[in-house]
>>> print(open('work09.txt').read())   # compact mmCIF, C-alpha atoms
# COMPACT_ATOMS: atom_id res chain seq x y z
CA MET V 4 0.00 0.00 0.00
CA LEU V 5 2.81 2.36 0.93
CA ALA V 6 4.50 1.51 -2.35
CA VAL V 7 1.44 2.71 -4.23
CA PHE V 8 1.36 5.97 -2.32
CA ARG V 9 5.09 6.45 -2.83
CA LYS V 10 4.88 5.85 -6.58
CA LEU V 11 2.03 8.32 -6.84
CA ASN V 12 4.07 10.81 -4.86
CA LEU V 13 7.19 10.32 -7.01
CA ALA V 14 5.15 10.76 -10.15
CA GLY V 15 3.68 13.94 -8.69
CA ILE V 16 0.15 12.61 -8.88
CA SER V 17 -2.22 13.41 -6.08
CA LEU V 18 -5.05 10.99 -5.41
CA GLU V 19 -7.55 13.64 -6.40
CA SER V 20 -6.02 14.15 -9.84
CA ILE V 21 -6.73 10.51 -10.78
CA ASN V 22 -10.40 11.35 -10.89
CA ASN V 23 -10.92 13.57 -13.93
CA SER V 24 -14.31 14.78 -12.76
CA TYR V 25 -12.69 17.30 -10.43
CA VAL V 26 -13.01 20.69 -12.06
CA ASN V 27 -10.77 22.69 -9.76
CA LEU V 28 -7.79 20.62 -8.71
CA GLN V 29 -6.06 21.56 -5.54
CA SER V 30 -2.86 19.78 -4.64
CA ILE V 31 -2.22 19.03 -1.00
CA ARG V 32 1.29 18.44 0.31
CA TRP V 33 1.72 14.70 0.57
CA ARG V 34 1.97 12.98 3.90
CA LYS V 35 2.16 9.33 4.79
CA PRO V 36 -1.44 8.37 5.58
CA ARG V 37 -2.16 7.23 9.14
CA CYS V 38 -3.30 3.84 7.86
CA VAL V 39 0.18 3.05 6.51
CA PRO V 40 2.33 1.26 9.10
CA THR V 41 5.90 2.06 10.14
CA ALA V 42 8.48 1.42 7.41
CA LYS V 43 10.16 -1.98 7.60
CA SER V 44 13.60 -0.43 7.94
CA LYS V 45 12.45 1.77 10.81
CA ARG V 46 10.43 -0.83 12.70
CA PHE V 47 12.98 -1.71 15.37
CA ARG V 48 14.65 1.68 15.53
CA VAL V 49 14.94 3.08 19.05
CA PRO V 50 15.35 6.86 18.95
CA GLN V 51 18.26 8.02 21.08
CA THR V 52 17.52 10.67 23.66
CA PRO V 53 20.17 13.37 23.68
CA ILE V 54 22.05 13.57 26.97
CA LEU V 55 22.93 17.16 27.83
CA PRO V 56 25.55 18.22 30.37
CA GLU V 57 24.07 19.44 33.62
CA ASP V 58 25.22 23.03 33.37
CA GLU V 59 23.70 23.30 29.90
CA GLN V 60 20.44 21.86 31.18
CA ILE V 61 20.32 24.47 33.94
CA GLU V 62 21.15 27.23 31.48
CA ILE V 63 18.39 26.11 29.07
CA LYS V 64 15.89 25.97 31.90
CA ARG V 65 16.86 29.47 33.01
CA LEU V 66 16.56 30.80 29.45
CA PHE V 67 13.12 29.29 28.99
CA ASN V 68 11.88 30.58 32.34
CA ASN V 69 13.07 34.08 31.50
CA TYR V 70 11.57 33.90 28.04
CA ARG V 71 8.22 32.80 29.38
CA ASN V 72 8.22 35.58 31.96
CA HIS V 73 9.07 38.22 29.37
CA LEU V 74 6.47 36.85 27.00
CA LYS V 75 3.86 36.94 29.74
CA SER V 76 4.42 40.63 30.30
CA VAL V 77 4.35 41.35 26.55
CA ARG V 78 1.18 39.39 26.21
CA ARG V 79 -0.40 41.18 29.17
CA TYR V 80 0.46 44.53 27.61
CA LEU V 81 -0.99 43.56 24.22
CA ILE V 82 -4.12 42.11 25.78
CA ASN V 83 -4.75 45.37 27.61
CA LYS V 84 -4.26 47.20 24.34
CA HIS V 85 -6.16 45.02 21.85
CA SER V 86 -8.35 42.43 23.53
CA LYS V 87 -11.97 42.36 22.50
CA ILE V 88 -12.94 40.70 25.77
CA GLU V 89 -11.33 43.51 27.79
CA GLU V 90 -13.20 46.09 25.72
CA THR V 91 -16.56 44.86 26.96
CA THR V 92 -18.02 46.74 29.91
CA HIS V 93 -18.00 45.48 33.50
CA ASP V 94 -20.37 48.12 34.91
CA PRO V 95 -23.24 46.18 36.61
CA GLU V 96 -25.90 48.75 35.70
CA GLU V 97 -24.86 48.74 32.07
CA LEU V 98 -24.77 44.94 32.04
CA LEU V 99 -28.26 44.83 33.57
CA LYS V 100 -29.46 47.22 30.90
CA ILE V 101 -27.98 45.03 28.16
CA ILE V 102 -29.53 41.94 29.73
CA ASN V 103 -32.94 43.64 29.95
CA GLN V 104 -32.74 44.78 26.35
CA ASP V 105 -31.84 41.28 25.27
CA PHE V 106 -34.69 39.85 27.33
CA GLU V 107 -37.17 42.29 25.79
CA ARG V 108 -36.01 41.39 22.31
CA CYS V 109 -36.31 37.67 23.05
CA SER V 110 -39.68 38.20 24.74
CA ALA V 111 -41.03 40.05 21.71
CA ILE V 112 -40.00 37.18 19.45
CA ASN V 113 -41.59 34.74 21.87
CA ASP V 114 -44.85 36.72 22.09
CA LYS V 115 -45.11 36.91 18.33
CA TRP V 116 -44.63 33.21 18.04
CA ASN V 117 -47.15 32.54 20.79
CA ALA V 118 -49.77 34.65 18.99
CA GLU V 119 -49.21 32.71 15.77
CA GLN V 120 -49.46 29.45 17.66
CA LYS V 121 -52.64 30.59 19.44
CA ILE V 122 -54.46 31.12 16.14
CA LEU V 123 -53.32 27.74 14.88
CA ARG V 124 -54.28 26.05 18.15
CA GLU V 125 -57.78 27.56 18.18
CA GLN V 126 -58.36 26.49 14.61
CA ARG V 127 -57.19 23.01 15.40
CA ILE V 128 -59.39 22.67 18.50
CA ALA V 129 -62.49 23.96 16.64
CA LYS V 130 -61.94 21.48 13.86
CA GLN V 131 -61.41 18.69 16.33
CA LEU V 132 -64.67 19.54 18.17
CA GLU V 133 -66.59 19.59 14.90
CA ASP V 134 -65.16 16.22 13.96
CA ASP V 135 -66.02 14.79 17.38
CA ILE V 136 -69.64 15.98 17.15
CA LYS V 137 -69.96 14.51 13.67
CA PHE V 138 -68.55 11.21 14.86
CA ALA V 139 -70.90 11.11 17.88
CA LYS V 140 -73.93 11.78 15.67
CA GLN V 141 -72.94 8.97 13.37
CA ARG V 142 -72.57 6.66 16.34
CA ILE V 143 -76.06 7.56 17.64
CA GLU V 144 -77.58 6.79 14.24
CA LEU V 145 -75.79 3.48 14.12
CA GLU V 146 -76.94 2.54 17.63
CA LEU V 147 -80.57 3.40 16.83
CA GLU V 148 -80.45 1.26 13.74
CA LYS V 149 -79.01 -1.62 15.72
CA GLU V 150 -81.75 -1.28 18.34
CA GLN V 151 -84.42 -1.28 15.65
CA GLN V 152 -82.98 -4.43 14.13
CA SER V 153 -82.88 -6.27 17.45
CA LEU V 154 -86.48 -5.21 18.17
CA GLU V 155 -87.56 -6.62 14.84
CA ARG V 156 -85.75 -9.85 15.56
CA VAL V 157 -87.50 -10.21 18.92
CA GLU V 158 -90.91 -9.45 17.44
CA GLU V 159 -90.35 -12.11 14.81
CA ILE V 160 -89.64 -14.67 17.55
CA VAL V 161 -92.78 -13.60 19.46
CA ARG V 162 -94.92 -13.87 16.36
CA LYS V 163 -93.66 -17.38 15.64
CA GLN V 164 -94.36 -18.41 19.24
CA LYS V 165 -97.86 -17.02 19.06
CA GLU V 166 -98.53 -19.02 15.93
CA ALA V 167 -97.22 -22.15 17.63
CA SER V 168 -99.23 -21.54 20.83
CA VAL V 169 -102.50 -22.74 19.15
CA ASP V 170 -101.45 -26.36 19.78
CA PHE V 171 -100.30 -25.82 23.40
CA ILE V 172 -101.98 -27.78 26.20
CA THR V 173 -103.52 -25.35 28.68
CA ALA V 174 -105.67 -25.68 31.85
CA GLU V 175 -108.85 -25.53 29.79
CA ASN V 176 -108.12 -28.32 27.35
CA ILE V 177 -106.02 -30.59 29.57
CA ASP V 178 -108.85 -33.11 30.17
CA LYS V 179 -109.52 -33.40 26.51
CA ALA V 180 -105.83 -33.91 25.81
CA ILE V 181 -105.63 -36.64 28.46
CA ASP V 182 -108.62 -38.39 27.04
CA GLN V 183 -107.15 -38.19 23.58
CA ALA V 184 -103.80 -39.54 24.79
CA LEU V 185 -105.46 -42.43 26.55
CA ALA V 186 -107.57 -43.19 23.52
CA GLN V 187 -104.59 -43.33 21.22
CA GLU V 188 -102.33 -45.87 22.83
CA THR V 189 -98.93 -46.04 21.18
CA ASP V 190 -96.35 -48.72 21.62
CA TYR V 191 -92.83 -47.62 20.69
CA ASN V 192 -91.21 -51.04 21.10
CA PHE V 193 -90.10 -52.88 18.01
CA ALA V 194 -87.97 -55.81 16.84
CA VAL V 195 -85.91 -56.28 13.68
CA ASP V 196 -86.11 -59.47 11.58
CA ILE V 197 -83.48 -61.00 9.30
CA ASN V 198 -84.45 -58.79 6.38
CA GLY V 199 -84.08 -55.65 8.49
CA GLU V 200 -87.79 -54.92 8.68
CA LYS V 201 -89.23 -53.42 11.86
CA LEU V 202 -91.96 -55.28 13.76
CA HIS V 203 -93.73 -52.63 15.92
CA GLY V 204 -95.35 -53.53 19.22
CA ARG V 205 -94.74 -56.17 21.83
CA GLU V 206 -97.31 -58.60 20.66
CA THR V 207 -96.89 -58.39 16.89
CA ARG V 208 -95.88 -61.64 15.25
CA PRO V 209 -94.10 -61.99 11.98
CA GLU V 210 -96.29 -63.18 9.11
CA LYS V 211 -95.83 -66.90 8.42
CA SER V 212 -93.56 -67.42 5.44
CA GLU V 213 -94.23 -70.01 2.70
CA LYS V 214 -93.08 -73.56 3.21
CA LYS V 215 -89.54 -74.23 2.24
CA VAL V 216 -89.03 -76.31 -0.89
CA ALA V 217 -86.57 -79.11 -0.53
CA LEU V 218 -83.87 -78.89 -3.16
CA LYS V 219 -82.48 -82.28 -2.44
CA GLN V 220 -83.16 -84.92 -5.04
CA MET J 7 -14.34 24.20 -4.85
CA LEU J 8 -12.58 27.50 -5.48
CA PHE J 9 -9.13 28.34 -4.19
CA PRO J 10 -9.34 30.20 -0.91
CA PRO J 11 -7.41 33.52 -0.90
CA ALA J 12 -3.82 33.03 0.25
CA SER J 13 -4.09 36.15 2.39
CA GLY J 14 -6.84 34.50 4.43
CA VAL J 15 -10.60 34.42 4.57
CA GLY J 16 -11.03 36.45 7.75
CA VAL J 17 -12.88 35.31 10.84
CA THR J 18 -16.24 33.96 9.77
CA GLY J 19 -18.82 32.07 11.72
CA GLY J 20 -19.31 31.46 15.40
CA PHE J 21 -17.05 28.46 15.67
CA ILE J 22 -13.82 30.20 14.59
CA ILE J 23 -14.31 33.10 17.02
CA LYS J 24 -13.90 30.84 20.04
CA ALA J 25 -11.58 28.23 18.50
CA PRO J 26 -7.94 28.27 19.64
CA LYS J 27 -5.78 29.99 17.03
CA VAL J 28 -2.09 29.96 16.30
CA ILE J 29 0.42 32.05 14.36
CA ARG J 30 2.49 29.63 12.35
CA LEU J 31 4.45 29.14 9.16
CA LEU J 32 2.62 27.76 6.14
CA ARG J 33 4.80 26.19 3.49
CA LYS J 34 4.01 27.65 0.11
CA GLY J 35 7.03 26.90 -2.11
CA CYS J 36 7.51 23.87 -4.25
CA THR J 37 9.84 20.88 -4.19
CA ASN J 38 13.38 21.93 -3.15
CA ARG J 39 12.31 25.56 -2.85
CA PRO J 40 10.70 26.33 0.51
CA PHE J 41 8.80 29.54 1.00
CA TYR J 42 6.60 30.32 3.94
CA HIS J 43 3.61 32.45 4.71
CA ILE J 44 3.24 33.57 8.31
CA VAL J 45 -0.44 33.09 9.04
CA VAL J 46 -3.11 32.96 11.74
CA ALA J 47 -5.04 29.71 11.55
CA VAL J 48 -7.26 27.56 13.73
CA SER J 49 -4.69 25.53 15.60
CA GLY J 50 -6.02 22.06 14.78
CA ASN J 51 -6.57 22.71 11.11
CA HIS J 52 -4.69 20.98 8.32
CA GLN J 53 -2.26 23.08 6.31
CA SER J 54 -4.47 22.79 3.24
CA ARG J 55 -7.36 24.53 4.95
CA PRO J 56 -7.95 28.24 4.33
CA VAL J 57 -6.25 30.47 6.91
CA ILE J 58 -7.80 33.32 8.85
CA GLU J 59 -5.24 35.95 7.94
CA GLN J 60 -1.74 36.30 6.49
CA LEU J 61 0.65 38.23 8.71
CA GLY J 62 3.86 38.04 6.69
CA THR J 63 6.24 35.96 4.63
CA TYR J 64 9.52 34.18 5.23
CA ASP J 65 11.99 33.12 2.57
CA PRO J 66 14.47 30.72 4.18
CA MET J 67 16.79 30.52 1.14
CA PRO J 68 19.48 33.23 0.99
CA ASN J 69 19.19 35.54 -2.01
CA GLU J 70 21.98 37.08 -4.16
CA GLN J 71 23.01 39.44 -1.37
CA ASN J 72 23.04 36.49 1.04
CA GLU J 73 19.92 37.72 2.80
CA ARG J 74 16.99 35.74 4.12
CA LEU J 75 13.98 37.97 3.82
CA VAL J 76 11.14 38.20 6.32
CA SER J 77 8.16 40.49 6.18
CA LEU J 78 5.91 40.92 9.18
CA ASN J 79 2.74 42.88 9.80
CA PHE J 80 3.40 43.98 13.38
CA GLU J 81 0.10 45.78 13.82
CA ARG J 82 -1.90 42.67 13.12
CA ILE J 83 0.50 40.44 15.06
CA SER J 84 0.01 42.70 18.09
CA TYR J 85 -3.72 42.55 17.60
CA TRP J 86 -3.78 38.77 17.40
CA ILE J 87 -1.46 38.23 20.36
CA GLY J 88 -3.65 40.64 22.29
CA ASN J 89 -6.60 38.41 21.45
CA GLY J 90 -4.93 35.31 22.82
CA VAL J 91 -3.33 33.42 19.93
CA THR J 92 -0.25 31.30 20.56
CA PHE J 93 2.62 30.93 18.12
CA SER J 94 4.80 28.12 16.91
CA THR J 95 8.51 27.91 17.78
CA PRO J 96 9.83 28.94 14.33
CA THR J 97 7.55 31.99 14.38
CA ALA J 98 8.68 32.86 17.89
CA GLN J 99 12.31 32.59 16.71
CA LEU J 100 11.62 34.91 13.77
CA LEU J 101 9.80 37.44 15.96
CA GLY J 102 12.63 37.28 18.48
CA LEU J 103 15.30 37.90 15.85
CA ALA J 104 13.17 40.73 14.44
CA GLY J 105 13.37 42.40 17.86
CA TYR J 106 9.64 42.30 18.45
CA LEU J 107 9.68 39.66 21.19
CA PRO J 108 12.50 38.55 23.51
CA ILE J 109 14.93 36.26 21.72
CA HIS J 110 13.77 32.68 21.84
CA PRO J 111 15.93 30.24 23.88
CA THR J 112 16.32 27.90 20.91
CA SER J 113 18.06 30.71 19.00
CA TYR J 114 20.59 31.04 21.83
CA ILE J 115 21.01 27.28 22.03
CA SER J 116 21.63 26.83 18.31
CA ALA J 117 24.00 29.83 18.37
CA TRP J 118 26.20 28.45 21.12
CA ARG J 119 26.17 25.01 19.59
CA ASN J 120 27.32 26.48 16.28
CA ARG J 121 30.05 28.41 18.09
CA GLN J 122 31.12 25.26 19.89
CA LYS J 123 31.29 23.37 16.62
CA LEU J 124 33.33 26.15 14.99
CA GLU J 125 35.79 26.22 17.90
CA GLU J 126 36.20 22.47 17.77
CA GLU J 127 36.92 22.61 14.06
CA LYS J 128 39.41 25.39 14.55
CA ALA J 129 41.15 23.47 17.32
CA LYS J 130 41.31 20.44 15.09
CA GLU J 131 42.82 22.44 12.25
CA LEU J 132 45.33 24.01 14.59
CA GLU J 133 46.30 20.61 15.89
CA ILE J 134 46.79 19.27 12.36
CA SER J 135 48.88 22.30 11.33
CA GLU J 136 51.05 22.00 14.47
CA GLN J 137 51.56 18.35 13.77
CA LYS J 138 52.59 19.18 10.22
CA GLU J 139 55.10 21.77 11.44
CA ALA J 140 56.51 19.33 13.92
CA ASN J 141 56.88 16.74 11.18
CA ALA J 142 58.63 19.31 8.89
CA SER J 143 61.14 20.35 11.65
CA GLN J 144 62.14 16.76 12.30
>>> encode(input="work09.txt", output="structure tokens")
Amino acid sequence: MLAVFRKLNLAGISLESINNSYVNLQSIRWRKPRCVPTAKSKRFRVPQTPILPEDEQIEIKRLFNNYRNHLKSVRRYLINKHSKIEETTHDPEELLKIINQDFERCSAINDKWNAEQKILREQRIAKQLEDDIKFAKQRIELELEKEQQSLERVEEIVRKQKEASVDFITAENIDKAIDQALAQETDYNFAVDINGEKLHGRETRPEKSEKKVALKQ
Amino acid sequence: MLFPPASGVGVTGGFIIKAPKVIRLLRKGCTNRPFYHIVVAVSGNHQSRPVIEQLGTYDPMPNEQNERLVSLNFERISYWIGNGVTFSTPTAQLLGLAGYLPIHPTSYISAWRNRQKLEEEKAKELEISEQKEANASQ
């Protein structure tokens, strides 16, 4: 992978320039991408830390401390002169005024938005109420229809029962019914012969069949 | 994408206002010919990204008169340092040598190391010449 990048670099080709669809090419100084690992020749290299003599170390430390101190004072001076943060006021009354102004501005925006939302909300609620009323009316109609249907069903049953009630045994005609029942005695017992025919009654006898003809010669 | 202006795009947007910024060198030459712009940029940004402002140039290669030319916009540098930008070591060295800031310790260090090297070479030469004289007298 590194070889590919290196060849591209040697040939002066950036990865972007391979794609011709780029209208404005902009070359970027080449760096080894992070995905490319350490070079094979450098893999086991241990960088040597420079060992400085002690007096030099102390001298360097002193120089840096001085430099930092000097720089601090320069920076302080320039901050006092140029800083935008320092320019802003620290007077509490002025700050309060600014805060109030800002609050009023924000509040005005908020009020405006609230008014817009109020109109929308009222419209929405009115529409919702209308829809609800419509729905309720529909439901009432449906329920009434259902009730009517069930009533009709019940009346049908009653009518059928009334028609059937002509044959019912009541207190008035019970004697007659008993007499009739006694007069018409019915025997439900029966037997079955070889041919599968029913012989009703206890006392019924099968009819006598014809004499058998002897086939023997 | 159009080329951003080399002199910088100025501070735009809310993010850049609060982002940490740095004065640093931006290499602008070509192969074997370095040339640097001294710029203010957002400190984490890649070198290919547009800079906020150009504050000067630095040509590290000596010209015909054996000069290495630096141009610096001190007004803007003061402004930016006053607004809390840091600067890289090479920039600090340049500003130190220009007399704007105290001289950077690394300048002193490299100077004395160069002197040391020169002295050692001289001593070596002297030793060789003495040896030669001694050999000639014998």
>>> closest_atom_pairs(input="work09.txt", of="segment 23-112 of chain J", to="segment 65-74 of chain V", cutoff="12 Å", atoms="only C-alpha atoms", output="JSON lines")
{"residue": "J:Ile87", "atom": "CA", "partner": "V:Leu74", "partner_atom": "CA", "distance": 10.4}
{"residue": "J:Gly88", "atom": "CA", "partner": "V:Leu74", "partner_atom": "CA", "distance": 11.8}
{"residue": "J:Thr92", "atom": "CA", "partner": "V:Leu74", "partner_atom": "CA", "distance": 10.8}
{"residue": "J:Phe93", "atom": "CA", "partner": "V:Leu74", "partner_atom": "CA", "distance": 11.3}
{"residue": "J:Ala98", "atom": "CA", "partner": "V:Leu74", "partner_atom": "CA", "distance": 10.2}
{"residue": "J:Gln99", "atom": "CA", "partner": "V:Tyr70", "partner_atom": "CA", "distance": 11.4}
{"residue": "J:Leu101", "atom": "CA", "partner": "V:Leu74", "partner_atom": "CA", "distance": 11.5}
{"residue": "J:Gly102", "atom": "CA", "partner": "V:Tyr70", "partner_atom": "CA", "distance": 10.2}
{"residue": "J:Tyr106", "atom": "CA", "partner": "V:Leu74", "partner_atom": "CA", "distance": 10.6}
{"residue": "J:Leu107", "atom": "CA", "partner": "V:Leu74", "partner_atom": "CA", "distance": 7.2}
{"residue": "J:Pro108", "atom": "CA", "partner": "V:Tyr70", "partner_atom": "CA", "distance": 6.6}
{"residue": "J:Ile109", "atom": "CA", "partner": "V:Tyr70", "partner_atom": "CA", "distance": 7.5}
{"residue": "J:His110", "atom": "CA", "partner": "V:Tyr70", "partner_atom": "CA", "distance": 6.7}
{"residue": "J:Pro111", "atom": "CA", "partner": "V:Leu66", "partner_atom": "CA", "distance": 5.6}
{"residue": "J:Thr112", "atom": "CA", "partner": "V:Phe67", "partner_atom": "CA", "distance": 8.8}
>>> atom_distance(input="work09.txt", atom1="atom CA of Lys27 of chain J", atom2="atom CA of Arg82 of chain J")
13.8 Å
>>> atom_distance(input="work09.txt", atom1="atom CA of Asn103 of chain V", atom2="atom CA of Ile88 of chain V")
20.6 Å
>>> atom_distance(input="work09.txt", atom1="atom CA of Gln183 of chain V", atom2="atom CA of Lys163 of chain V")
26.0 Å
>>> closest_residue(input="work09.txt", among="J:Ala142, J:Leu103, J:Val45, J:Met67", to="Val28 of chain J", atoms="all atoms listed in the file")
J:Val45
>>> residues_around(input="work09.txt", residues="Thr97 of chain J", least_positions_apart="2", cutoff="8 Å", atoms="all atoms listed in the file", output="VMD selection string")
chain J and resid 29 to 31 44 93 to 95 99 to 101
>>> closest_residue(input="work09.txt", among="V:Ile160, V:Gly204, V:Arg78, V:Ser110", to="Glu188 of chain V", atoms="all atoms listed in the file")
V:Gly204
>>> closest_residue(input="work09.txt", among="J:Gly35, J:Gly50, J:Pro66, J:Gly90", to="chain V", atoms="all atoms listed in the file")
J:Gly90
>>> closest_residue(input="work09.txt", among="J:Glu81, J:Glu70, J:Glu127, J:Glu59", to="chain V", atoms="only C-alpha atoms")
J:Glu81
>>> residues_around(input="work09.txt", residues="Gln53 of chain J", least_positions_apart="6", cutoff="9 Å", atoms="only C-alpha atoms", output="list in words")
Ile31 and Arg32 of chain V; Leu32, Arg33 and Ala47 of chain J
>>> write_last_selection(input="work09.txt", atoms="C-alpha atoms", output="mmCIF file, keeping the file's coordinate frame")
data_model
loop_
_atom_site.group_PDB
_atom_site.id
_atom_site.type_symbol
_atom_site.label_atom_id
_atom_site.label_comp_id
_atom_site.auth_asym_id
_atom_site.auth_seq_id
_atom_site.Cartn_x
_atom_site.Cartn_y
_atom_site.Cartn_z
ATOM 1 C CA ILE V 31 -2.220 19.030 -1.000
ATOM 2 C CA ARG V 32 1.290 18.440 0.310
ATOM 3 C CA LEU J 32 2.620 27.760 6.140
ATOM 4 C CA ARG J 33 4.800 26.190 3.490
ATOM 5 C CA ALA J 47 -5.040 29.710 11.550
#
>>> residues_near_point(input="work09.txt", point="(2.0, 43.1, 7.3)", cutoff="12 Å", atoms="all atoms listed in the file", output="list in words")
Ser13, His43, Ile44, Val45, Glu59, Gln60, Leu61, Gly62, Thr63, Tyr64, Val76, Ser77, Leu78, Asn79, Phe80, Glu81, Arg82, Ile83, Ser84 and Tyr85 of chain J
>>> axis_aligned_box(input="work09.txt", around="segment 76-87 of chain J", padding_each_side="4 Å", output="JSON")
{"center_x": 3.7, "center_y": 42.0, "center_z": 13.3, "size_x": 22.9, "size_y": 15.6, "size_z": 22.2}
>>> closest_residue(input="work09.txt", among="J:Ala25, J:Leu124, J:Val91, J:Leu75", to="chain V", atoms="only C-alpha atoms")
J:Val91
>>> closest_residue(input="work09.txt", among="J:Asn89, J:Asn69, J:Asn38, J:Ser49", to="chain V", atoms="all atoms listed in the file")
J:Asn89
>>> build_atoms(input="work09.txt", residues="segment 58-70 of chain V", atoms="N, CA, C and O atoms", output="mmCIF file, in the frame of the given file")
data_model
loop_
_atom_site.group_PDB
_atom_site.id
_atom_site.type_symbol
_atom_site.label_atom_id
_atom_site.label_comp_id
_atom_site.auth_asym_id
_atom_site.auth_seq_id
_atom_site.Cartn_x
_atom_site.Cartn_y
_atom_site.Cartn_z
ATOM 1 N N ASP V 58 25.201 21.560 33.377
ATOM 2 C CA ASP V 58 25.220 23.030 33.370
ATOM 3 C C ASP V 58 24.409 23.592 32.199
ATOM 4 O O ASP V 58 23.730 24.610 32.313
ATOM 5 N N GLU V 59 24.467 22.862 31.069
ATOM 6 C CA GLU V 59 23.700 23.300 29.900
ATOM 7 C C GLU V 59 22.198 23.172 30.161
ATOM 8 O O GLU V 59 21.411 24.054 29.795
ATOM 9 N N GLN V 60 21.857 22.070 30.815
ATOM 10 C CA GLN V 60 20.440 21.860 31.180
ATOM 11 C C GLN V 60 19.924 23.015 32.020
ATOM 12 O O GLN V 60 18.850 23.572 31.767
ATOM 13 N N ILE V 61 20.725 23.376 33.038
ATOM 14 C CA ILE V 61 20.320 24.470 33.940
ATOM 15 C C ILE V 61 20.188 25.774 33.173
ATOM 16 O O ILE V 61 19.230 26.532 33.349
ATOM 17 N N GLU V 62 21.147 26.000 32.270
ATOM 18 C CA GLU V 62 21.150 27.230 31.480
ATOM 19 C C GLU V 62 19.893 27.310 30.587
ATOM 20 O O GLU V 62 19.234 28.345 30.518
ATOM 21 N N ILE V 63 19.564 26.149 29.954
ATOM 22 C CA ILE V 63 18.390 26.110 29.070
ATOM 23 C C ILE V 63 17.118 26.383 29.864
ATOM 24 O O ILE V 63 16.247 27.145 29.442
ATOM 25 N N LYS V 64 17.058 25.770 31.039
ATOM 26 C CA LYS V 64 15.890 25.970 31.900
ATOM 27 C C LYS V 64 15.741 27.444 32.264
ATOM 28 O O LYS V 64 14.632 28.019 32.198
ATOM 29 N N ARG V 65 16.873 28.050 32.614
ATOM 30 C CA ARG V 65 16.860 29.470 33.010
ATOM 31 C C ARG V 65 16.379 30.338 31.842
ATOM 32 O O ARG V 65 15.532 31.226 31.999
ATOM 33 N N LEU V 66 16.928 30.032 30.640
ATOM 34 C CA LEU V 66 16.560 30.800 29.450
ATOM 35 C C LEU V 66 15.052 30.713 29.172
ATOM 36 O O LEU V 66 14.398 31.730 28.917
ATOM 37 N N PHE V 67 14.548 29.477 29.274
ATOM 38 C CA PHE V 67 13.120 29.290 28.990
ATOM 39 C C PHE V 67 12.248 29.994 30.023
ATOM 40 O O PHE V 67 11.232 30.606 29.684
ATOM 41 N N ASN V 68 12.654 29.906 31.291
ATOM 42 C CA ASN V 68 11.880 30.580 32.340
ATOM 43 C C ASN V 68 11.835 32.083 32.094
ATOM 44 O O ASN V 68 10.769 32.705 32.171
ATOM 45 N N ASN V 69 13.002 32.638 31.782
ATOM 46 C CA ASN V 69 13.070 34.080 31.500
ATOM 47 C C ASN V 69 12.187 34.442 30.323
ATOM 48 O O ASN V 69 11.444 35.420 30.366
ATOM 49 N N TYR V 70 12.319 33.619 29.269
ATOM 50 C CA TYR V 70 11.570 33.900 28.040
ATOM 51 C C TYR V 70 10.075 33.906 28.323
ATOM 52 O O TYR V 70 9.343 34.805 27.908
#
